[in-house]
Amino acid sequence: MISVEGLTVEFGGFTLFDDISFVVNKKDRIALVGKNGAGKSTTMNIMCGVLNQTEGEVYINGINFRE
């Protein structure tokens, strides 16, 4: 399970997204859909640990790997 809680991402004073929360359960199938620059790749990169979020937490199977 992946749990994203209160995710906020800012780049140089520009807020890409603010206070996003969602849960992806083990057997869920999801799609990230949006315009270019909406934050789809940024969200995935944060969940994979490639980028850091400004605020919020990402848990994978209940473990926060950012602590």
# chains A, B, ... in the order shown; residues from 1 in each chain; ligands from 1

$ residues_around --residues "segment 37-47 of chain A" --least-positions-apart "4" --cutoff "12 Å" --atoms "only C-alpha atoms" --output "PyMOL selection string"
chain A and resi 1-5+7-11+15-18+20-24+31-33+51-60+64-66

$ select_by_dssp --residues "chain A" --states "strand (DSSP E or B)" --output "list in words"
Ile2, Ser3, Val4, Glu5, Gly6, Leu7, Thr8, Val9, Glu10, Phe11, Phe14, Thr15, Leu16, Phe17, Asp18, Asp19, Ile20, Ser21, Phe22, Val23, Val24, Glu55, Gly56, Glu57, Val58, Tyr59, Ile60 and Ile63 of chain A

$ select_by_dssp --residues "chain A" --states "alpha helix (DSSP H)" --output "PyMOL selection string"
chain A and resi 40-48

$ atom_distance --atom1 "atom CA of Gly62 of chain A" --atom2 "atom CA of Asn25 of chain A"
11.4 Å
